[in-house]
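entry.pdb (PDB, C-alpha atoms) appears below.
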```pdb
ATOM      1  CA  MET A   1       8.375   5.977  12.658  1.00  0.00           C
ATOM      2  CA  LYS A   2       7.114   2.806  11.009  1.00  0.00           C
ATOM      3  CA  VAL A   3       6.248   1.479   7.557  1.00  0.00           C
ATOM      4  CA  LEU A   4       3.780  -1.352   6.994  1.00  0.00           C
ATOM      5  CA  LEU A   5       4.670  -3.454   3.952  1.00  0.00           C
ATOM      6  CA  ILE A   6       1.891  -5.715   2.688  1.00  0.00           C
ATOM      7  CA  ASN A   7       2.845  -8.762   0.647  1.00  0.00           C
ATOM      8  CA  GLY A   8      -0.207  -9.483  -1.496  1.00  0.00           C
ATOM      9  CA  SER A   9       1.304 -12.587  -3.063  1.00  0.00           C
ATOM     10  CA  PRO A  10       0.075 -16.064  -2.133  1.00  0.00           C
ATOM     11  CA  HIS A  11       3.771 -17.071  -2.102  1.00  0.00           C
ATOM     12  CA  GLU A  12       5.162 -16.000   1.244  1.00  0.00           C
ATOM     13  CA  ARG A  13       8.810 -15.906   0.110  1.00  0.00           C
ATOM     14  CA  GLY A  14       8.358 -15.279  -3.624  1.00  0.00           C
ATOM     15  CA  CYS A  15       9.263 -12.496  -6.020  1.00  0.00           C
ATOM     16  CA  THR A  16       7.075  -9.830  -4.418  1.00  0.00           C
ATOM     17  CA  TYR A  17       8.559 -10.609  -1.018  1.00  0.00           C
ATOM     18  CA  ARG A  18      12.079 -10.277  -2.433  1.00  0.00           C
ATOM     19  CA  ALA A  19      11.253  -6.796  -3.723  1.00  0.00           C
ATOM     20  CA  LEU A  20       9.720  -5.777  -0.389  1.00  0.00           C
ATOM     21  CA  CYS A  21      12.818  -6.986   1.446  1.00  0.00           C
ATOM     22  CA  GLU A  22      14.981  -4.722  -0.715  1.00  0.00           C
ATOM     23  CA  ILE A  23      12.862  -1.753   0.357  1.00  0.00           C
ATOM     24  CA  GLU A  24      12.841  -2.900   3.975  1.00  0.00           C
ATOM     25  CA  GLY A  25      16.616  -3.026   4.105  1.00  0.00           C
ATOM     26  CA  VAL A  26      16.913   0.619   3.034  1.00  0.00           C
ATOM     27  CA  LEU A  27      14.216   1.711   5.478  1.00  0.00           C
ATOM     28  CA  HIS A  28      16.190   0.104   8.302  1.00  0.00           C
ATOM     29  CA  GLU A  29      19.277   2.005   7.162  1.00  0.00           C
ATOM     30  CA  GLU A  30      17.197   5.185   7.392  1.00  0.00           C
ATOM     31  CA  GLY A  31      16.177   4.373  10.966  1.00  0.00           C
ATOM     32  CA  VAL A  32      12.592   3.435  10.062  1.00  0.00           C
ATOM     33  CA  LYS A  33      10.882   0.472  11.709  1.00  0.00           C
ATOM     34  CA  THR A  34       9.066  -1.986   9.453  1.00  0.00           C
ATOM     35  CA  GLU A  35       6.607  -4.843   9.460  1.00  0.00           C
ATOM     36  CA  ILE A  36       5.852  -7.121   6.536  1.00  0.00           C
ATOM     37  CA  PHE A  37       2.301  -8.455   6.609  1.00  0.00           C
ATOM     38  CA  GLN A  38       1.937 -11.675   4.637  1.00  0.00           C
ATOM     39  CA  LEU A  39      -1.492 -11.934   3.067  1.00  0.00           C
ATOM     40  CA  GLY A  40      -0.798 -15.539   2.067  1.00  0.00           C
ATOM     41  CA  THR A  41      -3.358 -18.001   0.779  1.00  0.00           C
ATOM     42  CA  ALA A  42      -6.211 -17.431   3.247  1.00  0.00           C
ATOM     43  CA  PRO A  43      -9.387 -16.269   1.459  1.00  0.00           C
ATOM     44  CA  VAL A  44     -10.257 -12.563   1.508  1.00  0.00           C
ATOM     45  CA  ARG A  45     -13.880 -11.844   0.715  1.00  0.00           C
ATOM     46  CA  GLY A  46     -14.769  -9.077  -1.689  1.00  0.00           C
ATOM     47  CA  CYS A  47     -16.696  -5.966  -0.640  1.00  0.00           C
ATOM     48  CA  THR A  48     -20.453  -6.565  -0.736  1.00  0.00           C
ATOM     49  CA  GLY A  49     -21.320  -2.856  -0.687  1.00  0.00           C
ATOM     50  CA  CYS A  50     -23.544  -3.397   2.355  1.00  0.00           C
ATOM     51  CA  GLY A  51     -22.603  -0.052   3.915  1.00  0.00           C
ATOM     52  CA  ALA A  52     -22.613  -1.513   7.429  1.00  0.00           C
ATOM     53  CA  CYS A  53     -19.105  -0.176   8.070  1.00  0.00           C
ATOM     54  CA  SER A  54     -20.481   3.367   8.075  1.00  0.00           C
ATOM     55  CA  LYS A  55     -22.529   2.497  11.167  1.00  0.00           C
ATOM     56  CA  MET A  56     -19.594   1.091  13.123  1.00  0.00           C
ATOM     57  CA  LYS A  57     -17.762   3.172  15.716  1.00  0.00           C
ATOM     58  CA  LYS A  58     -14.304   2.244  14.400  1.00  0.00           C
ATOM     59  CA  ASN A  59     -12.907   2.270  10.884  1.00  0.00           C
ATOM     60  CA  ARG A  60     -13.528  -1.426  10.433  1.00  0.00           C
ATOM     61  CA  CYS A  61     -15.363  -3.815   8.122  1.00  0.00           C
ATOM     62  CA  VAL A  62     -18.421  -5.582   9.491  1.00  0.00           C
ATOM     63  CA  TYR A  63     -16.961  -8.884   8.263  1.00  0.00           C
ATOM     64  CA  ASP A  64     -14.260  -9.850  10.741  1.00  0.00           C
ATOM     65  CA  ASP A  65     -13.304 -13.302   9.490  1.00  0.00           C
ATOM     66  CA  ASP A  66     -10.282 -12.457   7.338  1.00  0.00           C
ATOM     67  CA  ALA A  67      -7.250 -10.151   7.187  1.00  0.00           C
ATOM     68  CA  VAL A  68      -8.936  -6.792   6.518  1.00  0.00           C
ATOM     69  CA  ASN A  69      -9.548  -5.581  10.069  1.00  0.00           C
ATOM     70  CA  ARG A  70      -6.202  -6.946  11.263  1.00  0.00           C
ATOM     71  CA  VAL A  71      -4.440  -4.879   8.612  1.00  0.00           C
ATOM     72  CA  LEU A  72      -6.479  -1.788   9.502  1.00  0.00           C
ATOM     73  CA  GLU A  73      -5.380  -2.112  13.127  1.00  0.00           C
ATOM     74  CA  LYS A  74      -1.770  -2.080  11.971  1.00  0.00           C
ATOM     75  CA  CYS A  75      -2.461   0.904   9.704  1.00  0.00           C
ATOM     76  CA  GLU A  76      -3.335   3.042  12.709  1.00  0.00           C
ATOM     77  CA  GLU A  77       0.213   2.632  14.042  1.00  0.00           C
ATOM     78  CA  ALA A  78       1.988   3.035  10.694  1.00  0.00           C
ATOM     79  CA  ASP A  79       3.364   6.248   9.212  1.00  0.00           C
ATOM     80  CA  GLY A  80       3.784   4.941   5.672  1.00  0.00           C
ATOM     81  CA  PHE A  81       2.821   2.003   3.491  1.00  0.00           C
ATOM     82  CA  ILE A  82       4.075  -0.254   0.716  1.00  0.00           C
ATOM     83  CA  PHE A  83       1.532  -2.470  -1.033  1.00  0.00           C
ATOM     84  CA  GLY A  84       3.130  -5.242  -3.070  1.00  0.00           C
ATOM     85  CA  SER A  85       1.447  -7.576  -5.528  1.00  0.00           C
ATOM     86  CA  PRO A  86       2.243 -10.054  -8.263  1.00  0.00           C
ATOM     87  CA  VAL A  87       0.780  -9.298 -11.673  1.00  0.00           C
ATOM     88  CA  HIS A  88      -2.213 -11.453 -12.638  1.00  0.00           C
ATOM     89  CA  TYR A  89      -3.618 -10.755 -16.101  1.00  0.00           C
ATOM     90  CA  ALA A  90      -2.147  -7.223 -16.156  1.00  0.00           C
ATOM     91  CA  SER A  91      -3.684  -6.376 -12.769  1.00  0.00           C
ATOM     92  CA  ALA A  92      -3.055  -6.866  -9.078  1.00  0.00           C
ATOM     93  CA  GLY A  93      -3.802 -10.222  -7.497  1.00  0.00           C
ATOM     94  CA  GLY A  94      -7.342 -11.055  -6.437  1.00  0.00           C
ATOM     95  CA  SER A  95      -6.632 -11.253  -2.699  1.00  0.00           C
ATOM     96  CA  ILE A  96      -4.908  -7.887  -2.399  1.00  0.00           C
ATOM     97  CA  THR A  97      -7.580  -6.292  -4.586  1.00  0.00           C
ATOM     98  CA  SER A  98     -10.322  -7.561  -2.269  1.00  0.00           C
ATOM     99  CA  LEU A  99      -8.274  -6.491   0.751  1.00  0.00           C
ATOM    100  CA  MET A 100      -7.765  -2.965  -0.516  1.00  0.00           C
ATOM    101  CA  ASP A 101     -11.355  -2.576  -1.737  1.00  0.00           C
ATOM    102  CA  ARG A 102     -12.636  -3.143   1.782  1.00  0.00           C
ATOM    103  CA  MET A 103      -9.740  -1.462   3.621  1.00  0.00           C
ATOM    104  CA  PHE A 104     -10.110   1.786   1.765  1.00  0.00           C
ATOM    105  CA  TYR A 105     -13.907   1.736   1.712  1.00  0.00           C
ATOM    106  CA  CYS A 106     -14.269   1.421   5.471  1.00  0.00           C
ATOM    107  CA  GLY A 107     -10.939   2.660   6.824  1.00  0.00           C
ATOM    108  CA  SER A 108      -9.275   5.151   4.505  1.00  0.00           C
ATOM    109  CA  ARG A 109      -9.446   7.788   7.262  1.00  0.00           C
ATOM    110  CA  VAL A 110      -6.687   6.024   9.216  1.00  0.00           C
ATOM    111  CA  MET A 111      -4.411   6.238   6.153  1.00  0.00           C
ATOM    112  CA  ARG A 112      -5.223   9.740   4.919  1.00  0.00           C
ATOM    113  CA  THR A 113      -2.159  12.031   4.452  1.00  0.00           C
ATOM    114  CA  LYS A 114       0.239   9.121   5.101  1.00  0.00           C
ATOM    115  CA  PRO A 115       2.602   8.414   2.182  1.00  0.00           C
ATOM    116  CA  ALA A 116       2.327   5.140   0.320  1.00  0.00           C
ATOM    117  CA  ALA A 117       3.640   3.296  -2.702  1.00  0.00           C
ATOM    118  CA  ALA A 118       2.683   0.269  -4.766  1.00  0.00           C
ATOM    119  CA  ILE A 119       5.203  -2.210  -6.133  1.00  0.00           C
ATOM    120  CA  VAL A 120       4.594  -5.186  -8.411  1.00  0.00           C
ATOM    121  CA  SER A 121       6.439  -8.244  -9.665  1.00  0.00           C
ATOM    122  CA  ALA A 122       5.937 -10.018 -12.966  1.00  0.00           C
ATOM    123  CA  ARG A 123       7.600 -12.482 -15.247  1.00  0.00           C
ATOM    124  CA  ARG A 124       7.400 -10.074 -18.156  1.00  0.00           C
ATOM    125  CA  ALA A 125       4.518  -7.623 -18.685  1.00  0.00           C
ATOM    126  CA  GLY A 126       1.316  -6.128 -17.275  1.00  0.00           C
ATOM    127  CA  THR A 127       3.237  -4.251 -14.611  1.00  0.00           C
ATOM    128  CA  THR A 128       2.308  -0.639 -15.352  1.00  0.00           C
ATOM    129  CA  ALA A 129      -1.402  -1.471 -15.527  1.00  0.00           C
ATOM    130  CA  ALA A 130      -1.216  -3.167 -12.126  1.00  0.00           C
ATOM    131  CA  ILE A 131       0.683  -0.218 -10.626  1.00  0.00           C
ATOM    132  CA  ASP A 132      -1.933   2.200 -11.977  1.00  0.00           C
ATOM    133  CA  GLN A 133      -4.681   0.098 -10.397  1.00  0.00           C
ATOM    134  CA  LEU A 134      -3.060   0.112  -6.964  1.00  0.00           C
ATOM    135  CA  ASN A 135      -2.161   3.790  -7.032  1.00  0.00           C
ATOM    136  CA  LYS A 136      -5.805   4.729  -7.483  1.00  0.00           C
ATOM    137  CA  TYR A 137      -6.548   3.662  -3.910  1.00  0.00           C
ATOM    138  CA  PHE A 138      -4.057   6.260  -2.682  1.00  0.00           C
ATOM    139  CA  THR A 139      -5.144   9.109  -4.924  1.00  0.00           C
ATOM    140  CA  ILE A 140      -8.795   8.793  -3.898  1.00  0.00           C
ATOM    141  CA  SER A 141      -7.825   8.784  -0.200  1.00  0.00           C
ATOM    142  CA  GLY A 142      -5.617  11.871   0.133  1.00  0.00           C
ATOM    143  CA  MET A 143      -2.396   9.871   0.403  1.00  0.00           C
ATOM    144  CA  PRO A 144       0.857  11.220  -1.090  1.00  0.00           C
ATOM    145  CA  ILE A 145       2.541   8.685  -3.371  1.00  0.00           C
ATOM    146  CA  ALA A 146       6.231   7.918  -2.980  1.00  0.00           C
ATOM    147  CA  SER A 147       7.909   7.360  -6.335  1.00  0.00           C
ATOM    148  CA  SER A 148      11.299   6.121  -7.468  1.00  0.00           C
ATOM    149  CA  GLN A 149      13.613   6.598 -10.451  1.00  0.00           C
ATOM    150  CA  TYR A 150      11.400   4.391 -12.646  1.00  0.00           C
ATOM    151  CA  TRP A 151       8.123   2.528 -12.306  1.00  0.00           C
ATOM    152  CA  PRO A 152       8.345   0.343  -9.176  1.00  0.00           C
ATOM    153  CA  MET A 153       8.515  -3.176 -10.598  1.00  0.00           C
ATOM    154  CA  VAL A 154      10.769  -6.210 -10.588  1.00  0.00           C
ATOM    155  CA  HIS A 155      10.899  -9.016 -13.114  1.00  0.00           C
ATOM    156  CA  GLY A 156      11.392 -12.750 -12.692  1.00  0.00           C
ATOM    157  CA  SER A 157       9.558 -16.013 -12.185  1.00  0.00           C
ATOM    158  CA  THR A 158      11.543 -16.865  -9.053  1.00  0.00           C
ATOM    159  CA  PRO A 159      13.266 -14.857  -6.310  1.00  0.00           C
ATOM    160  CA  GLU A 160      16.573 -16.000  -7.804  1.00  0.00           C
ATOM    161  CA  GLN A 161      15.625 -14.423 -11.125  1.00  0.00           C
ATOM    162  CA  VAL A 162      14.591 -11.221  -9.347  1.00  0.00           C
ATOM    163  CA  GLU A 163      18.127 -11.143  -7.921  1.00  0.00           C
ATOM    164  CA  GLN A 164      19.345 -10.769 -11.504  1.00  0.00           C
ATOM    165  CA  ASP A 165      17.097  -7.743 -12.100  1.00  0.00           C
ATOM    166  CA  GLU A 166      19.658  -5.229 -10.875  1.00  0.00           C
ATOM    167  CA  GLU A 167      17.689  -2.271 -12.168  1.00  0.00           C
ATOM    168  CA  GLY A 168      14.481  -3.447 -10.487  1.00  0.00           C
ATOM    169  CA  LEU A 169      16.190  -3.868  -7.126  1.00  0.00           C
ATOM    170  CA  GLN A 170      17.822  -0.451  -7.437  1.00  0.00           C
ATOM    171  CA  ILE A 171      14.369   1.015  -8.107  1.00  0.00           C
ATOM    172  CA  MET A 172      13.151  -0.621  -4.879  1.00  0.00           C
ATOM    173  CA  ARG A 173      16.036   0.845  -2.879  1.00  0.00           C
ATOM    174  CA  GLN A 174      15.442   4.342  -4.222  1.00  0.00           C
ATOM    175  CA  LEU A 175      11.749   3.998  -3.441  1.00  0.00           C
ATOM    176  CA  GLY A 176      12.623   3.145   0.154  1.00  0.00           C
ATOM    177  CA  ARG A 177      14.861   6.208   0.447  1.00  0.00           C
ATOM    178  CA  ASN A 178      12.223   8.474  -1.061  1.00  0.00           C
ATOM    179  CA  LEU A 179       9.528   7.142   1.251  1.00  0.00           C
ATOM    180  CA  ALA A 180      11.757   7.605   4.315  1.00  0.00           C
ATOM    181  CA  TRP A 181      12.536  11.187   3.232  1.00  0.00           C
ATOM    182  CA  MET A 182       8.845  11.984   2.822  1.00  0.00           C
ATOM    183  CA  MET A 183       7.967  10.596   6.231  1.00  0.00           C
ATOM    184  CA  LYS A 184      10.783  12.494   7.938  1.00  0.00           C
ATOM    185  CA  SER A 185       9.820  15.712   6.144  1.00  0.00           C
ATOM    186  CA  PHE A 186       6.199  15.360   7.227  1.00  0.00           C
ATOM    187  CA  ALA A 187       7.308  14.727  10.815  1.00  0.00           C
ATOM    188  CA  ILE A 188       9.415  17.913  10.816  1.00  0.00           C
ATOM    189  CA  ALA A 189       6.485  19.874   9.407  1.00  0.00           C
ATOM    190  CA  LYS A 190       4.253  18.685  12.239  1.00  0.00           C
ATOM    191  CA  GLU A 191       6.916  19.638  14.794  1.00  0.00           C
ATOM    192  CA  HIS A 192       6.719  23.193  13.421  1.00  0.00           C
ATOM    193  CA  GLY A 193       2.938  23.306  13.647  1.00  0.00           C
ATOM    194  CA  ILE A 194       2.262  22.577   9.975  1.00  0.00           C
ATOM    195  CA  GLU A 195      -0.579  20.081  10.134  1.00  0.00           C
ATOM    196  CA  PRO A 196      -2.023  18.148   7.181  1.00  0.00           C
ATOM    197  CA  PRO A 197      -4.960  19.918   5.524  1.00  0.00           C
ATOM    198  CA  LYS A 198      -8.340  18.877   6.844  1.00  0.00           C
ATOM    199  CA  PRO A 199     -11.223  18.048   4.502  1.00  0.00           C
ATOM    200  CA  GLU A 200     -14.143  20.424   4.307  1.00  0.00           C
ATOM    201  CA  ALA A 201     -16.784  19.830   6.957  1.00  0.00           C
ATOM    202  CA  GLN A 202     -19.457  18.758   4.496  1.00  0.00           C
ATOM    203  CA  ARG A 203     -18.512  16.449   1.666  1.00  0.00           C
ATOM    204  CA  LYS A 204     -20.269  17.048  -1.627  1.00  0.00           C
ATOM    205  CA  TRP A 205     -21.722  14.174  -3.641  1.00  0.00           C
ATOM    206  CA  THR A 206     -22.753  15.012  -7.186  1.00  0.00           C
ATOM    207  CA  ASN A 207     -24.681  12.553  -9.309  1.00  0.00           C
ATOM    208  CA  PHE A 208     -24.970  13.094 -13.042  1.00  0.00           C
ATOM    209  CA  VAL A 209     -28.206  11.174 -13.564  1.00  0.00           C
ATOM    210  CA  ARG A 210     -31.420  12.994 -12.689  1.00  0.00           C
TER     211      ARG A 210
END
```
Please express the file's structure as structure tokens.
Amino acid sequence: MKVLLINGSPHERGCTYRALCEIEGVLHEEGVKTEIFQLGTAPVRGCTGCGACSKMKKNRCVYDDDAVNRVLEKCEEADGFIFGSPVHYASAGGSITSLMDRMFYCGSRVMRTKPAAAIVSARRAGTTAAIDQLNKYFTISGMPIASSQYWPMVHGSTPEQVEQDEEGLQIMRQLGRNLAWMMKSFAIAKEHGIEPPKPEAQRKWTNFVR
């Protein structure tokens, strides 16, 4: 059982990373393997809407020169996900937004029915708007969302300041426990022959402009 944690911050060991580490520690206590993927400062191109991914045999993007396909490969082996981002202008960072746009457009099938959560870090505000943005990727892809005892955010301009956000770190720990519980519950269900629901054979597309 494994969780993939994606650090969408350009700062490899910054505030978002500190929050992810708090979750990771609890997951290890619960016997769950983890991997933190650092998105870093390398450019991630935005989705061009070319539709070429629909013609590919695998759930991959046709553009293979950045992190998107590497993350999708890791998603196939993961049982749960944490997407972490700093808050930029009351929204998620540009790199993780581009990453998730393309990941979920071409590869959401490898993540469907797997639980996920979004966490954000900010100096002060814009957190709930950024969380709402990230959660929408999960709700459109049939992914259960793991929650905590409060909105999953930490505050601070430096990792040292995040250390002082005792409530924020407690929220991260509870999120880790809740995610581990969901994953274990789903695994038990599968052992008893309770499989995730399958989508209908033919997907309906309704346009409202004639």
request  = Run the PyMOL selection byres ((chain A and resi 175) around 12) against the file shown and list the residues it catches, as a ChimeraX atom specification.
outcome  = /A:19-20,22-27,81-82,115-119,145-153,168-174,176-182
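The space separating atom CA of A:Met1 from atom CA of A:Cys21 comes to 17.7 Å.
As for atom CA of A:Ala129 and atom CA of A:Ile6, they are spaced 19.0 Å apart.
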A:Cys50 environment, 12 Å, only C-alpha atoms, sequence neighbours closer than 4 positions dropped, as an mmCIF file with C-alpha atoms, in the frame of the given file:
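Saved to selection.cif:
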```cif
data_model
loop_
_atom_site.group_PDB
_atom_site.id
_atom_site.type_symbol
_atom_site.label_atom_id
_atom_site.label_comp_id
_atom_site.auth_asym_id
_atom_site.auth_seq_id
_atom_site.Cartn_x
_atom_site.Cartn_y
_atom_site.Cartn_z
ATOM 1 C CA GLY A 46 -14.769 -9.077 -1.689
ATOM 2 C CA SER A 54 -20.481 3.367 8.075
ATOM 3 C CA LYS A 55 -22.529 2.497 11.167
ATOM 4 C CA CYS A 61 -15.363 -3.815 8.122
ATOM 5 C CA VAL A 62 -18.421 -5.582 9.491
ATOM 6 C CA TYR A 63 -16.961 -8.884 8.263
ATOM 7 C CA ARG A 102 -12.636 -3.143 1.782
ATOM 8 C CA TYR A 105 -13.907 1.736 1.712
ATOM 9 C CA CYS A 106 -14.269 1.421 5.471
#
```
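Residue nearest A:Ala67, chosen from A:Gly8, A:Pro159, A:Gly80, A:Pro144 and counting all atoms listed in the file: A:Gly8.
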Could the centre and edge lengths of an axis-aligned box, enclosing all atoms of stretch 10-13 of chain A in the file with 3 Å extra on each side, be given in Å to one decimal as JSON?
```
{"center_x": 4.4, "center_y": -16.5, "center_z": -0.4, "size_x": 14.7, "size_y": 7.2, "size_z": 9.4}
```
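Atom pair atom CA of A:Pro10 / atom CA of A:Pro43: separated by 10.1 Å.
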For the structure shown, which residues end up in the PyMOL selection byres ((chain A and resi 40) around 9)? Put them as a PDB file with C-alpha atoms, keeping the file's coordinate frame, please?
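Okay, part_7.pdb is ready:
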```pdb
ATOM      1  CA  ASN A   7       2.845  -8.762   0.647  1.00  0.00           C
ATOM      2  CA  GLY A   8      -0.207  -9.483  -1.496  1.00  0.00           C
ATOM      3  CA  SER A   9       1.304 -12.587  -3.063  1.00  0.00           C
ATOM      4  CA  PRO A  10       0.075 -16.064  -2.133  1.00  0.00           C
ATOM      5  CA  HIS A  11       3.771 -17.071  -2.102  1.00  0.00           C
ATOM      6  CA  GLU A  12       5.162 -16.000   1.244  1.00  0.00           C
ATOM      7  CA  PHE A  37       2.301  -8.455   6.609  1.00  0.00           C
ATOM      8  CA  GLN A  38       1.937 -11.675   4.637  1.00  0.00           C
ATOM      9  CA  LEU A  39      -1.492 -11.934   3.067  1.00  0.00           C
ATOM     10  CA  THR A  41      -3.358 -18.001   0.779  1.00  0.00           C
ATOM     11  CA  ALA A  42      -6.211 -17.431   3.247  1.00  0.00           C
ATOM     12  CA  PRO A  43      -9.387 -16.269   1.459  1.00  0.00           C
ATOM     13  CA  SER A  95      -6.632 -11.253  -2.699  1.00  0.00           C
TER      14      SER A  95
END
```
task = Take the PyMOL selection byres ((chain A and resi 87) around 7), apply it to the structure above, and return the hits as JSON, numbers by chain.
result = {"A": [85, 86, 88, 89, 90, 91, 92, 93, 120, 121, 122, 126, 127, 130]}
task = Would you please work out which residue, of A:Thr16, A:Thr206, A:Asn59, A:Thr34, is nearest to A:Val162 when using all atoms listed in the file?
result =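 Closest candidate: A:Thr16.
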Closest of A:Gln202, A:Thr158, A:Gln164, A:Ser108 to A:Thr139 - atom-to-atom distances counting all atoms listed in the file =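 Nearest candidate to A:Thr139 out of A:Gln202, A:Thr158, A:Gln164, A:Ser108: A:Ser108.
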ask   = Residues at most 8 Å from A:Asn69, counting all atoms listed in the file, excluding those fewer than 5 positions away in the same chain, as a ChimeraX atom specification?
value = /A:60-61,64,103
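With all atoms listed in the file as the basis for measurement, A:Gly84 is the residue among A:Gly193, A:Pro199, A:Gly84, A:Gly49 that approaches A:Ile36 most closely.
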inquiry  = Between A:Glu167, A:Glu191, A:Pro196, A:Arg123, which residue has the minimum interatomic distance to A:Gly14, considering all atoms listed in the file?
reply    = A:Arg123
task = Pick out the closest residue to A:Cys53 from this set: A:Phe186, A:Phe83, A:Tyr17, A:Phe104. Count only C-alpha atoms.
result =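 Answer, going by the shortest atom-to-atom distance: A:Phe104.
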Applying 8 Å and all atoms listed in the file, which residues near A:Arg112 remain after dropping the ones on its own chain fewer than 2 positions away? List them as a compact mmCIF listing (two decimals) with C-alpha atoms, in the coordinates of the input.
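The resulting out_19.txt:
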```txt
# COMPACT_ATOMS: atom_id res chain seq x y z
CA SER A 108 -9.28 5.15 4.50
CA ARG A 109 -9.45 7.79 7.26
CA VAL A 110 -6.69 6.02 9.22
CA LYS A 114 0.24 9.12 5.10
CA SER A 141 -7.82 8.78 -0.20
CA GLY A 142 -5.62 11.87 0.13
CA MET A 143 -2.40 9.87 0.40
```
